[in-house]
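Source file: model.txt. Holds: compact mmCIF, C-alpha atoms.
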# COMPACT_ATOMS: atom_id res chain seq x y z
CA MET A 25 -69.60 34.15 66.97
CA ILE A 26 -66.25 32.83 65.76
CA GLN A 27 -64.66 36.21 66.58
CA LEU A 28 -65.94 35.81 70.16
CA LEU A 29 -64.43 32.34 70.42
CA GLU A 30 -61.14 33.64 68.99
CA LEU A 31 -61.19 36.49 71.49
CA LYS A 32 -61.84 34.03 74.31
CA GLU A 33 -58.93 31.90 73.14
CA ARG A 34 -56.62 34.94 72.90
CA ILE A 35 -57.58 35.98 76.43
CA LYS A 36 -56.84 32.47 77.67
CA GLN A 37 -53.45 32.46 75.89
CA PHE A 38 -52.67 35.91 77.29
CA TYR A 39 -53.56 34.74 80.79
CA THR A 40 -51.49 31.55 80.46
CA LYS A 41 -48.47 33.55 79.30
CA TYR A 42 -48.65 36.42 81.79
CA GLU A 43 -50.45 34.81 84.76
CA ARG A 44 -47.54 35.67 87.08
CA PHE A 45 -48.23 39.38 86.53
CA ILE A 46 -52.00 39.32 86.00
CA THR A 47 -52.93 37.69 89.33
CA PRO A 48 -51.00 40.21 91.52
CA ALA A 49 -52.36 43.07 89.39
CA VAL A 50 -55.95 41.87 89.87
CA LYS A 51 -55.40 41.46 93.63
CA PHE A 52 -53.87 44.95 93.83
CA LEU A 53 -56.83 46.47 92.00
CA LEU A 54 -59.36 44.59 94.14
CA ALA A 55 -57.64 45.62 97.39
CA PHE A 56 -57.32 49.23 96.21
CA VAL A 57 -61.00 49.53 95.26
CA ALA A 58 -62.08 47.78 98.49
CA LEU A 59 -59.91 50.04 100.67
CA MET A 60 -61.09 53.22 98.91
CA THR A 61 -64.73 52.10 99.32
CA ILE A 62 -64.21 51.27 103.02
CA ASN A 63 -62.49 54.63 103.62
CA ALA A 64 -65.23 56.52 101.75
CA ASN A 65 -68.00 54.95 103.84
CA VAL A 66 -66.59 54.16 107.29
CA GLY A 67 -63.27 55.99 107.23
CA PHE A 68 -63.25 57.18 110.84
CA MET A 69 -59.53 56.65 111.40
CA SER A 70 -57.89 59.50 109.50
CA ARG A 71 -54.46 57.84 109.36
CA LEU A 72 -55.85 54.95 107.30
CA ASN A 73 -57.52 57.35 104.85
CA SER A 74 -54.15 58.47 103.50
CA ILE A 75 -53.70 57.45 99.85
CA PHE A 76 -50.12 56.41 100.65
CA ILE A 77 -51.33 53.89 103.26
CA VAL A 78 -53.99 52.64 100.83
CA LEU A 79 -51.38 52.09 98.10
CA VAL A 80 -48.98 50.33 100.48
CA LEU A 81 -51.71 48.04 101.82
CA SER A 82 -52.92 47.30 98.29
CA LEU A 83 -49.35 46.43 97.27
CA ILE A 84 -49.05 44.04 100.24
CA CYS A 85 -52.40 42.46 99.35
CA ALA A 86 -51.17 41.88 95.77
CA PHE A 87 -48.87 39.17 97.12
CA LEU A 88 -51.19 37.64 99.70
CA PRO A 89 -53.69 34.80 99.09
CA TYR A 90 -57.35 35.86 98.85
CA GLY A 91 -57.91 34.74 102.46
CA GLY A 92 -55.12 37.09 103.52
CA ILE A 93 -56.72 39.97 101.61
CA THR A 94 -60.01 39.28 103.43
CA PHE A 95 -58.14 39.34 106.75
CA VAL A 96 -56.50 42.70 105.92
CA MET A 97 -59.83 44.27 104.90
CA MET A 98 -61.53 43.03 108.09
CA ALA A 99 -58.64 44.47 110.13
CA VAL A 100 -59.01 47.85 108.37
CA VAL A 101 -62.78 47.89 109.02
CA LEU A 102 -62.19 47.02 112.69
CA ALA A 103 -59.55 49.76 112.98
CA HIS A 104 -62.05 52.33 111.65
CA PHE A 105 -64.73 51.04 114.05
CA THR A 106 -62.29 51.28 116.96
CA ALA A 107 -61.70 54.96 116.14
CA LEU A 108 -65.45 55.54 116.35
CA SER A 109 -66.67 53.32 119.19
CA LEU A 110 -65.15 50.43 121.12
CA GLU A 111 -68.50 48.62 121.50
CA VAL A 112 -69.07 48.57 117.74
CA ALA A 113 -65.52 47.30 117.16
CA VAL A 114 -65.84 44.50 119.73
CA THR A 115 -69.26 43.43 118.40
CA ALA A 116 -67.98 43.44 114.83
CA LEU A 117 -64.91 41.46 115.96
CA ALA A 118 -67.16 38.86 117.62
CA LEU A 119 -69.19 38.55 114.40
CA PHE A 120 -66.03 38.21 112.29
CA ILE A 121 -64.76 35.46 114.62
CA VAL A 122 -68.10 33.63 114.35
CA ALA A 123 -68.00 33.94 110.53
CA ALA A 124 -64.39 32.71 110.46
CA LEU A 125 -65.08 29.75 112.76
CA LEU A 126 -68.24 28.68 110.94
CA TYR A 127 -66.70 29.06 107.51
CA TYR A 128 -63.01 28.21 107.85
CA MET A 129 -63.86 24.90 109.50
CA PHE A 130 -64.64 23.72 105.96
CA LEU A 131 -61.23 24.80 104.57
CA PRO A 132 -62.76 26.82 101.80
CA GLY A 133 -61.35 29.15 99.20
CA ASP A 134 -64.25 31.57 98.80
CA SER A 135 -63.65 33.87 101.77
CA ILE A 136 -63.19 36.75 99.31
CA LEU A 137 -67.01 36.88 99.23
CA LEU A 138 -66.83 38.47 102.71
CA ILE A 139 -65.20 41.47 101.00
CA LEU A 140 -66.89 41.35 97.60
CA THR A 141 -70.46 41.31 98.98
CA PRO A 142 -70.28 44.61 100.92
CA LEU A 143 -68.07 46.14 98.21
CA LEU A 144 -70.59 45.42 95.45
CA PHE A 145 -73.42 46.62 97.70
CA PHE A 146 -71.66 49.98 97.99
CA LEU A 147 -71.08 49.99 94.21
CA LYS A 148 -74.83 49.39 93.66
CA VAL A 149 -74.53 46.01 91.88
CA PRO A 150 -75.09 43.58 94.77
CA TYR A 151 -77.13 40.97 92.95
CA ILE A 152 -74.18 39.82 90.84
CA VAL A 153 -72.65 38.30 94.01
CA PRO A 154 -75.06 35.36 94.61
CA VAL A 155 -75.19 34.63 90.87
CA ALA A 156 -71.38 34.66 90.56
CA ALA A 157 -71.07 32.56 93.75
CA GLY A 158 -73.51 30.00 92.32
CA LEU A 159 -71.64 29.88 88.99
CA LEU A 160 -68.07 29.79 90.25
CA CYS A 161 -68.02 28.65 93.88
CA GLY A 162 -69.09 25.67 95.95
CA ILE A 163 -72.17 25.24 98.10
CA THR A 164 -70.35 26.26 101.30
CA SER A 165 -69.97 29.78 99.90
CA ALA A 166 -73.51 30.42 101.24
CA ILE A 167 -71.90 31.16 104.63
CA PRO A 168 -69.53 34.00 103.58
CA LEU A 169 -72.31 35.28 101.31
CA ALA A 170 -74.69 35.60 104.28
CA PHE A 171 -72.02 37.13 106.52
CA GLY A 172 -71.02 39.52 103.74
CA VAL A 173 -74.59 40.87 103.77
CA VAL A 174 -74.44 41.25 107.57
CA ILE A 175 -71.11 43.09 107.32
CA TYR A 176 -72.54 45.49 104.73
CA TYR A 177 -75.58 46.31 106.86
CA ILE A 178 -73.41 46.84 109.96
CA MET A 179 -71.14 49.19 107.99
CA HIS A 180 -74.21 50.99 106.66
CA PHE A 181 -75.67 51.34 110.17
CA VAL A 182 -72.37 52.60 111.58
CA LYS A 183 -72.06 55.10 108.71
CA ASP A 184 -75.59 56.45 109.33
CA SER A 185 -75.36 56.44 113.14
CA ALA A 186 -71.76 57.60 113.48
CA GLY A 187 -72.79 60.76 115.35
CA ILE A 188 -74.77 58.89 118.02
CA LEU A 189 -72.19 56.11 118.41
CA ALA A 190 -69.29 58.54 118.77
CA ASP A 191 -71.07 60.64 121.40
CA THR A 192 -69.98 59.04 124.69
CA GLY A 193 -72.00 61.53 126.74
CA SER A 194 -75.57 60.72 125.63
CA LEU A 195 -75.51 56.91 125.78
CA THR A 196 -73.70 54.41 128.01
CA MET A 197 -71.48 51.67 126.61
CA LEU A 198 -74.18 49.07 127.18
CA GLN A 199 -76.83 51.24 125.52
CA ARG A 200 -74.68 51.74 122.41
CA TYR A 201 -74.05 47.99 122.28
CA THR A 202 -77.77 47.27 122.71
CA GLN A 203 -78.59 49.71 119.91
CA LEU A 204 -76.28 47.86 117.52
CA ILE A 205 -77.67 44.43 118.47
CA ASN A 206 -81.24 45.77 118.12
CA PHE A 207 -80.37 46.93 114.63
CA ILE A 208 -79.01 43.50 113.64
CA LYS A 209 -81.84 41.61 115.35
CA ASP A 210 -84.75 43.70 114.06
CA ASN A 211 -83.49 44.44 110.57
CA ASP A 212 -86.07 42.77 108.31
CA GLN A 213 -84.40 44.14 105.21
CA MET A 214 -81.09 42.45 106.10
CA LEU A 215 -82.84 39.14 106.86
CA LEU A 216 -84.74 39.32 103.57
CA MET A 217 -81.52 40.05 101.67
CA ILE A 218 -79.73 37.09 103.31
CA ILE A 219 -82.58 34.70 102.44
CA ALA A 220 -82.78 36.02 98.86
CA PHE A 221 -79.01 35.80 98.34
CA VAL A 222 -78.62 32.29 99.73
CA ALA A 223 -81.67 31.02 97.81
CA THR A 224 -80.41 32.62 94.58
CA MET A 225 -76.96 31.15 95.02
CA LEU A 226 -78.36 27.67 95.66
CA VAL A 227 -80.70 27.86 92.65
CA VAL A 228 -77.88 29.02 90.34
CA TYR A 229 -75.52 26.36 91.74
CA CYS A 230 -78.00 23.50 91.26
CA ILE A 231 -79.03 24.51 87.74
CA ARG A 232 -75.54 25.16 86.33
CA ARG A 233 -74.45 21.65 87.42
CA LEU A 234 -77.20 20.02 85.34
CA SER A 235 -76.17 18.18 82.18
CA VAL A 236 -78.34 20.27 79.88
CA ASP A 237 -77.48 22.68 77.09
CA HIS A 238 -77.15 26.32 78.12
CA SER A 239 -77.24 25.36 81.81
CA TRP A 240 -75.27 28.49 82.76
CA GLU A 241 -77.61 30.85 80.89
CA ILE A 242 -80.68 29.17 82.41
CA ALA A 243 -79.05 29.32 85.85
CA ILE A 244 -78.31 33.06 85.56
CA ILE A 245 -81.80 34.00 84.39
CA THR A 246 -83.59 31.70 86.86
CA GLY A 247 -81.38 32.89 89.72
CA LEU A 248 -82.12 36.55 89.04
CA VAL A 249 -85.86 35.90 88.65
CA VAL A 250 -85.88 34.00 91.97
CA ASN A 251 -83.94 36.87 93.57
CA ILE A 252 -86.37 39.53 92.30
CA MET A 253 -89.43 37.49 93.28
CA LEU A 254 -88.13 36.79 96.79
CA LEU A 255 -87.24 40.45 97.34
CA LEU A 256 -90.60 41.70 96.06
CA ALA A 257 -92.50 39.11 98.10
CA GLY A 258 -90.44 40.00 101.15
CA VAL A 259 -91.09 43.73 100.75
CA PHE A 260 -94.85 43.11 100.89
CA VAL A 261 -94.90 40.31 103.48
CA LEU A 262 -92.52 42.05 105.89
CA ASP A 263 -94.03 45.46 105.14
CA ILE A 264 -90.66 47.06 104.38
CA ASP A 265 -90.68 50.75 103.57
CA THR A 266 -90.24 51.07 99.80
CA ALA A 267 -88.61 54.49 100.28
CA THR A 268 -85.57 52.76 101.76
CA PHE A 269 -85.85 49.60 99.66
CA SER A 270 -86.90 50.77 96.22
CA ILE A 271 -88.50 48.25 93.84
CA ALA A 272 -87.24 50.20 90.82
CA ALA A 273 -83.71 49.97 92.21
CA ILE A 274 -84.08 46.20 92.71
CA LEU A 275 -85.13 45.76 89.07
CA ALA A 276 -82.46 48.08 87.65
CA GLN A 277 -79.67 46.53 89.74
CA SER A 278 -80.86 43.01 88.85
CA PHE A 279 -80.76 43.87 85.14
CA LEU A 280 -77.22 45.25 85.49
CA SER A 281 -76.19 42.20 87.51
CA GLY A 282 -77.59 39.96 84.78
CA LEU A 283 -75.42 41.67 82.16
CA LEU A 284 -72.35 41.27 84.35
CA ALA A 285 -73.24 37.61 84.95
CA PHE A 286 -73.29 36.97 81.19
CA VAL A 287 -69.87 38.61 80.90
CA LEU A 288 -68.64 36.24 83.64
CA GLN A 289 -70.20 33.33 81.76
CA PHE A 290 -68.28 34.34 78.62
CA PHE A 291 -64.97 34.37 80.48
CA PHE A 292 -65.38 31.33 82.71
CA PHE A 293 -67.74 28.85 81.04
CA SER A 294 -65.85 25.82 79.68
CA VAL A 295 -62.49 27.57 79.97
CA ASP A 296 -59.70 25.98 81.88
CA TYR A 297 -57.35 28.80 82.87
CA SER A 298 -54.45 26.40 83.41
CA ARG A 299 -51.26 28.22 84.01
CA THR A 300 -47.69 27.37 83.12
CA GLU A 301 -46.35 25.00 85.77
CA TYR A 302 -42.77 24.94 86.98
CA THR A 303 -41.57 21.83 88.75
CA GLN A 304 -38.40 19.90 89.48
CA PHE A 305 -37.58 16.29 90.31
CA GLU A 306 -34.74 13.87 89.99
CA ASP A 307 -33.99 10.26 89.23
CA ASP A 308 -30.76 8.25 89.49
CA GLU A 309 -29.24 9.90 86.46
CA TYR A 310 -30.54 13.45 86.09
CA TYR A 311 -32.06 16.45 87.81
CA TYR A 312 -35.06 17.68 85.81
CA TYR A 313 -36.20 21.30 85.77
CA VAL A 314 -39.48 21.27 83.90
CA LYS A 315 -41.71 24.00 82.51
CA ALA A 316 -45.13 22.60 81.57
CA VAL A 317 -47.11 24.91 79.25
CA PRO A 318 -50.80 24.02 78.75
CA LYS A 319 -51.78 23.36 75.15
CA ASN A 320 -54.47 25.42 73.44
CA THR A 321 -57.27 23.34 71.98
CA VAL A 322 -58.36 25.80 69.28
CA THR A 323 -55.85 27.75 67.20
CA ALA A 324 -57.09 31.27 66.52
CA GLN A 325 -56.46 31.30 62.78
CA ASP A 326 -57.40 27.67 62.12
CA VAL A 327 -60.69 28.52 60.43
CA GLN A 328 -61.80 26.95 57.16
CA VAL A 329 -64.78 28.32 55.26
CA LYS A 330 -66.24 26.23 52.46
CA GLN A 331 -68.42 28.05 49.98
CA ILE A 332 -70.47 26.15 47.45
CA ASN A 333 -71.48 28.27 44.49
CA PRO A 334 -74.94 27.07 43.41
CA LYS A 335 -74.20 28.15 39.79
CA ASN A 336 -70.99 26.18 39.68
CA ALA A 337 -71.09 22.37 40.04
CA ARG A 338 -67.67 22.30 41.73
CA GLY A 339 -67.25 23.41 45.37
CA GLN A 340 -64.71 26.16 45.95
CA LYS A 341 -62.53 26.10 49.00
CA GLU A 342 -61.08 29.20 50.57
CA GLU A 343 -58.78 29.63 53.40
CA MET B 18 -30.06 8.68 77.56
CA LEU B 19 -33.32 10.53 78.26
CA ASN B 20 -36.45 8.43 78.36
CA GLU B 21 -39.15 10.86 77.18
CA ALA B 22 -42.09 8.65 78.12
CA LYS B 23 -40.73 8.28 81.66
CA ILE B 24 -40.10 12.04 81.90
CA LYS B 25 -43.69 12.78 80.84
CA ILE B 26 -45.05 10.50 83.58
CA MET B 27 -42.68 11.99 86.16
CA THR B 28 -43.68 15.52 85.12
CA LYS B 29 -47.40 14.77 85.45
CA ALA B 30 -46.82 13.18 88.84
CA ALA B 31 -44.67 16.12 90.01
CA VAL B 32 -47.25 18.71 88.84
CA PHE B 33 -50.00 16.76 90.63
CA GLU B 34 -47.92 16.61 93.83
CA GLU B 35 -47.29 20.36 93.63
CA LYS B 36 -50.97 21.21 93.14
CA GLN B 37 -52.45 18.68 95.54
CA LYS B 38 -49.86 18.80 98.32
CA LYS B 39 -52.36 20.32 100.77
CA LYS B 40 -55.47 18.73 99.30
CA ALA B 41 -55.81 15.21 97.90
CA LEU B 42 -52.30 14.09 98.94
CA HIS B 43 -52.86 15.31 102.49
CA ILE B 44 -56.28 13.63 102.66
CA ASN B 45 -54.81 10.39 101.29
CA GLN B 46 -52.76 10.02 104.47
CA TYR B 47 -55.93 9.23 106.45
CA TYR B 48 -58.47 6.45 106.48
CA LYS B 49 -61.92 7.83 105.67
CA PHE B 50 -63.34 7.23 109.16
CA ASP B 51 -60.37 8.92 110.84
CA TYR B 52 -60.43 11.89 108.47
CA VAL B 53 -64.18 12.53 108.80
CA THR B 54 -64.18 12.01 112.59
CA TYR B 55 -61.21 14.36 113.13
CA HIS B 56 -62.88 17.13 111.16
CA ILE B 57 -66.27 16.63 112.80
CA ILE B 58 -64.60 17.04 116.22
CA LYS B 59 -62.76 20.14 114.96
CA CYS B 60 -65.98 21.63 113.57
CA VAL B 61 -67.96 20.90 116.73
CA LEU B 62 -65.24 22.61 118.82
CA GLY B 63 -65.46 25.64 116.52
CA ALA B 64 -69.26 25.56 116.76
CA THR B 65 -68.95 25.45 120.57
CA VAL B 66 -66.83 28.64 120.58
CA CYS B 67 -69.34 30.31 118.21
CA TYR B 68 -72.27 29.33 120.41
CA GLY B 69 -70.42 30.58 123.48
CA LEU B 70 -69.87 33.94 121.77
CA PHE B 71 -73.55 34.13 120.80
CA VAL B 72 -74.64 33.37 124.39
CA LEU B 73 -72.22 35.98 125.74
CA MET B 74 -73.54 38.60 123.31
CA TRP B 75 -77.12 37.73 124.22
CA VAL B 76 -76.39 37.92 127.98
CA LEU B 77 -74.81 41.37 127.54
CA TYR B 78 -77.75 42.48 125.40
CA ASP B 79 -80.35 41.28 127.90
CA ALA B 80 -78.27 41.98 131.06
CA GLU B 81 -80.72 44.51 132.52
CA ARG B 82 -83.75 42.22 132.20
CA LEU B 83 -81.82 39.18 133.48
CA LEU B 84 -80.67 41.06 136.57
CA THR B 85 -84.16 42.37 137.41
CA GLU B 86 -85.78 38.92 136.89
CA PHE B 87 -82.97 37.00 138.62
CA SER B 88 -83.93 33.89 140.60
CA VAL B 89 -82.43 30.40 140.96
CA ASP B 90 -85.37 28.79 139.12
CA ARG B 91 -85.06 31.26 136.27
CA LEU B 92 -81.32 30.60 136.13
CA PHE B 93 -81.88 26.84 135.85
CA GLN B 94 -84.54 27.42 133.19
CA LEU B 95 -82.17 29.58 131.13
CA GLY B 96 -79.32 27.10 131.61
CA GLU B 97 -81.53 24.28 130.32
CA MET B 98 -82.53 26.38 127.30
CA VAL B 99 -78.91 27.25 126.52
CA LEU B 100 -77.80 23.62 126.88
CA LEU B 101 -80.57 22.26 124.66
CA GLY B 102 -79.82 24.95 122.10
CA TYR B 103 -76.14 24.02 122.17
CA VAL B 104 -76.82 20.30 121.73
CA ALA B 105 -79.15 20.96 118.78
CA PHE B 106 -76.70 23.40 117.15
CA ALA B 107 -73.64 21.14 117.66
CA LEU B 108 -75.53 18.10 116.37
CA LEU B 109 -76.74 19.88 113.24
CA TYR B 110 -73.31 21.39 112.57
CA GLY B 111 -71.61 18.03 113.14
CA ILE B 112 -73.93 16.27 110.69
CA ILE B 113 -73.36 18.93 108.01
CA ALA B 114 -69.59 18.77 108.61
CA GLY B 115 -69.68 14.96 108.37
CA LEU B 116 -71.48 15.07 105.03
CA ILE B 117 -69.16 17.73 103.57
CA TYR B 118 -65.93 16.04 104.67
CA SER B 119 -67.15 12.62 103.58
CA ALA B 120 -67.86 14.00 100.10
CA ARG B 121 -64.49 15.78 100.12
CA TYR B 122 -62.68 12.52 100.97
CA ASP B 123 -64.41 10.68 98.11
CA GLN B 124 -63.50 13.46 95.65
CA ALA B 125 -59.87 13.38 96.80
CA MET B 126 -59.66 9.60 96.29
CA LYS B 127 -61.06 10.02 92.78
CA LYS B 128 -58.32 12.57 91.99
CA MET B 129 -55.66 10.22 93.38
CA ARG B 130 -56.43 7.40 90.92
CA PRO B 131 -54.65 8.83 87.84
CA TYR B 132 -51.69 9.78 90.06
CA MET B 133 -51.43 6.25 91.48
CA THR B 134 -51.65 4.84 87.95
CA ASN B 135 -48.73 7.07 86.93
CA LEU B 136 -46.73 5.92 89.96
CA LYS B 137 -47.34 2.26 89.03
CA ARG B 138 -46.18 2.94 85.47
CA LEU B 139 -43.06 4.63 86.83
CA GLN B 140 -42.49 1.65 89.09
CA LYS B 141 -42.58 -0.62 86.02
CA TYR B 142 -39.99 1.59 84.28
CA TYR B 143 -37.69 1.41 87.31
CA SER B 144 -38.15 -2.38 87.59
CA LYS B 145 -37.32 -2.74 83.90
CA GLU B 146 -34.23 -0.50 84.24
CA GLY B 147 -33.15 -2.51 87.27
CA LYS B 148 -33.43 -5.78 85.31
CA ASP B 149 -31.56 -4.26 82.33
CA GLN B 150 -28.71 -3.18 84.62
CA THR B 151 -28.34 -6.61 86.26
CA LEU B 152 -28.28 -8.20 82.80
Show me this structure written as structure tokens.
Amino acid sequence: MIQLLELKERIKQFYTKYERFITPAVKFLLAFVALMTINANVGFMSRLNSIFIVLVLSLICAFLPYGGITFVMMAVVLAHFTALSLEVAVTALALFIVAALLYYMFLPGDSILLILTPLLFFLKVPYIVPVAAGLLCGITSAIPLAFGVVIYYIMHFVKDSAGILADTGSLTMLQRYTQLINFIKDNDQMLLMIIAFVATMLVVYCIRRLSVDHSWEIAIITGLVVNIMLLLAGVFVLDIDTATFSIAAILAQSFLSGLLAFVLQFFFFSVDYSRTEYTQFEDDEYYYYVKAVPKNTVTAQDVQVKQINPKNARGQKEE
Amino acid sequence: MLNEAKIKIMTKAAVFEEKQKKKALHINQYYKFDYVTYHIIKCVLGATVCYGLFVLMWVLYDAERLLTEFSVDRLFQLGEMVLLGYVAFALLYGIIAGLIYSARYDQAMKKMRPYMTNLKRLQKYYSKEGKDQTL
């Protein structure tokens, strides 16, 4: 247990010292994985599939805020949709504008969920998203969470129906548009997923804020149980085909998501990742250029073990 | 001569200003009523655009049926439905926005208190230095 705490402290020290390099590296990795996933699933514009373009875009994203990264990813998705079908691109654009207007009105910082949700769906660990959002984000993150699910299902539909949507001879523009809207409107599985995700996020959020011991652990487990129960209930109530929405997959992915959630809890629970601050100010006499380095509360090697030998009356102290 | 205590206070104040430039410090410029009202109006305008987009998408989706069933009465009926829907949506969105921004204002004021305390302490240092100089 002490080794885990020491490891946590070392990670925090490492982050404090090298934050200027770690944050761009993480953003680069996230953008790279997201772009490769988008290209693998809806890569209809061949120019954007080039690894060179992916690397350049990822490098640009490394220096953008997370909202900027979301914007770049949405633009890439729209570009791919445009190459396939104009109706799909315009509909997706309208949905993105609605998501942006509904969400950005609250000046949030969790828009990255719009990218993470479909990304983790494609990587087969979707249920970590509502749990992580409940643990680390605010209550308004329910909106990008819900829209992230919609974006995933639209991408999935476009991927499966690419042949029909690209064929301008068989269907008119209005018919292709109607087909897409029908898919969104009548998709019980998507609606069930949105309800389950938002409910899970709210449950996790409410429980982790309680002033009880192990609130985060209770929140993770309760959230995943709520998620599984809602999905199973929804499968039976809405009569969803279990061939497309496998119960075994729900359970396996929930278990995996639970493990990842506990890893998140290890890294983020009660850890203030304060970074070194650089600031400058002046008074009548001096200009001050200040570097403020956050103090560490626990020194890694500051461990004292006291052993009392029952045979010996005196206690022995070791360091 | 460097006054370390004063430098510590100035550093904390400067770091706070750097971090909260666009958040608590920006919010502090407004009275609560003005801040919440401004953002409710902004949110309702955004909600209006969203609703307009939804209606447009629905009209395009149902265009064939609307054209075959077109009549003035039907048009008025639909218009009434759309208007009532808009009022309900804008009202709900405005109330949620009001609650969120009100809570945000209160949180920002809470964050400002230690900063204002530091500024008052700095003010005392400057007053004391001013008195020392005149003496």
Which residue of B:His43, B:Lys59, B:Lys137, B:Arg130 approaches chain A most closely, using all atoms listed in the file: B:Lys59
I need the contact residues of chain B against chain A, so if you could list those with any atom within 6 Å, counting only C-alpha atoms, and return them as a PyMOL selection string, that would help. chain B and resi 60+63+67+78
Rounded to one decimal in Å, what is the spacing between CA of Ile75 in chain A and CA of Tyr177 in chain A?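 Those two atoms sit 25.5 Å apart.
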Which distance in Å separates CA of Thr134 in chain B and CA of Ile117 in chain B, to one decimal? 26.8 Å
Selected residue of minimal separation from Gly69 in chain B among B:Tyr132, B:Tyr118, B:Tyr143, B:Tyr103, counting all atoms listed in the file: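 Answer, going by the shortest atom-to-atom distance: B:Tyr103.
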As an exercise, work out the distance from CA of Ile24 in chain B to CA of Gln124 in chain B in Å and give it to one decimal place. 27.2 Å
Nearest candidate to Ile113 in chain B (options B:Ile57, B:Met126, B:Ala30, B:Ala80; using all atoms listed in the file):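 Smallest distance to Ile113 in chain B is found for B:Ile57.
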So which residues touch Pro168 in chain A within 7 Å, counting only C-alpha atoms, skipping near sequence neighbours fewer than 5 positions away, as a VMD selection string? chain A and resid 127 135 137 to 138
Restricting the output to C-alpha atoms, write the selected residues as an mmCIF file, in the coordinates of the input.
data_model
loop_
_atom_site.group_PDB
_atom_site.id
_atom_site.type_symbol
_atom_site.label_atom_id
_atom_site.label_comp_id
_atom_site.auth_asym_id
_atom_site.auth_seq_id
_atom_site.Cartn_x
_atom_site.Cartn_y
_atom_site.Cartn_z
ATOM 1 C CA TYR A 127 -66.700 29.060 107.510
ATOM 2 C CA SER A 135 -63.650 33.870 101.770
ATOM 3 C CA LEU A 137 -67.010 36.880 99.230
ATOM 4 C CA LEU A 138 -66.830 38.470 102.710
#
For Leu248 in chain A, list every protein, DNA or RNA residue within 9 Å, evaluated using all atoms listed in the file, and leave out those in the same chain fewer than 6 positions away; present the list as a PyMOL selection string. chain A and resi 151-152+155+224+228+278-279+281-282
Val112 in chain A surroundings by all atoms listed in the file, 12 Å radius, close-in-sequence under 3 positions cut, as a PyMOL selection string: chain A and resi 101-109+115-119+175+178-179+181-183+185-186+188-190+197-205+207-208
I want to know what sits within 8 Å of Leu139 in chain B, based on all atoms listed in the file, with residues of the same chain fewer than 2 positions away left out; could you give that as an NGL selection string? :B and (23 or 26-27 or 135-137 or 141-143)
Non-local contacts of Tyr55 in chain B (12 Å; all atoms listed in the file; under 2 positions in same chain excluded) as a short mmCIF file (atom, residue, chain, number, x, y, z; two decimals) with C-alpha atoms, in the coordinates of the input:
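Output file out15.cif follows:
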data_model
loop_
_atom_site.label_atom_id
_atom_site.label_comp_id
_atom_site.auth_asym_id
_atom_site.auth_seq_id
_atom_site.Cartn_x
_atom_site.Cartn_y
_atom_site.Cartn_z
CA MET A 129 -63.86 24.90 109.50
CA ILE B 44 -56.28 13.63 102.66
CA TYR B 47 -55.93 9.23 106.45
CA TYR B 48 -58.47 6.45 106.48
CA LYS B 49 -61.92 7.83 105.67
CA PHE B 50 -63.34 7.23 109.16
CA ASP B 51 -60.37 8.92 110.84
CA TYR B 52 -60.43 11.89 108.47
CA VAL B 53 -64.18 12.53 108.80
CA ILE B 57 -66.27 16.63 112.80
CA ILE B 58 -64.60 17.04 116.22
CA LYS B 59 -62.76 20.14 114.96
CA CYS B 60 -65.98 21.63 113.57
CA VAL B 61 -67.96 20.90 116.73
CA LEU B 62 -65.24 22.61 118.82
CA GLY B 111 -71.61 18.03 113.14
CA ALA B 114 -69.59 18.77 108.61
CA GLY B 115 -69.68 14.96 108.37
CA TYR B 118 -65.93 16.04 104.67
CA SER B 119 -67.15 12.62 103.58
#
Which residue is closest to Phe56 in chain A? Choose from A:Phe286, A:Phe221, A:Phe76, A:Tyr311 and count only C-alpha atoms. A:Phe76
Please, which residues are within 12 Å of (-48.0, 34.0, 77.3) by the file's coordinates, counting all atoms listed in the file, and could they come as a ChimeraX atom specification? /A:33-46,298-300,317-320
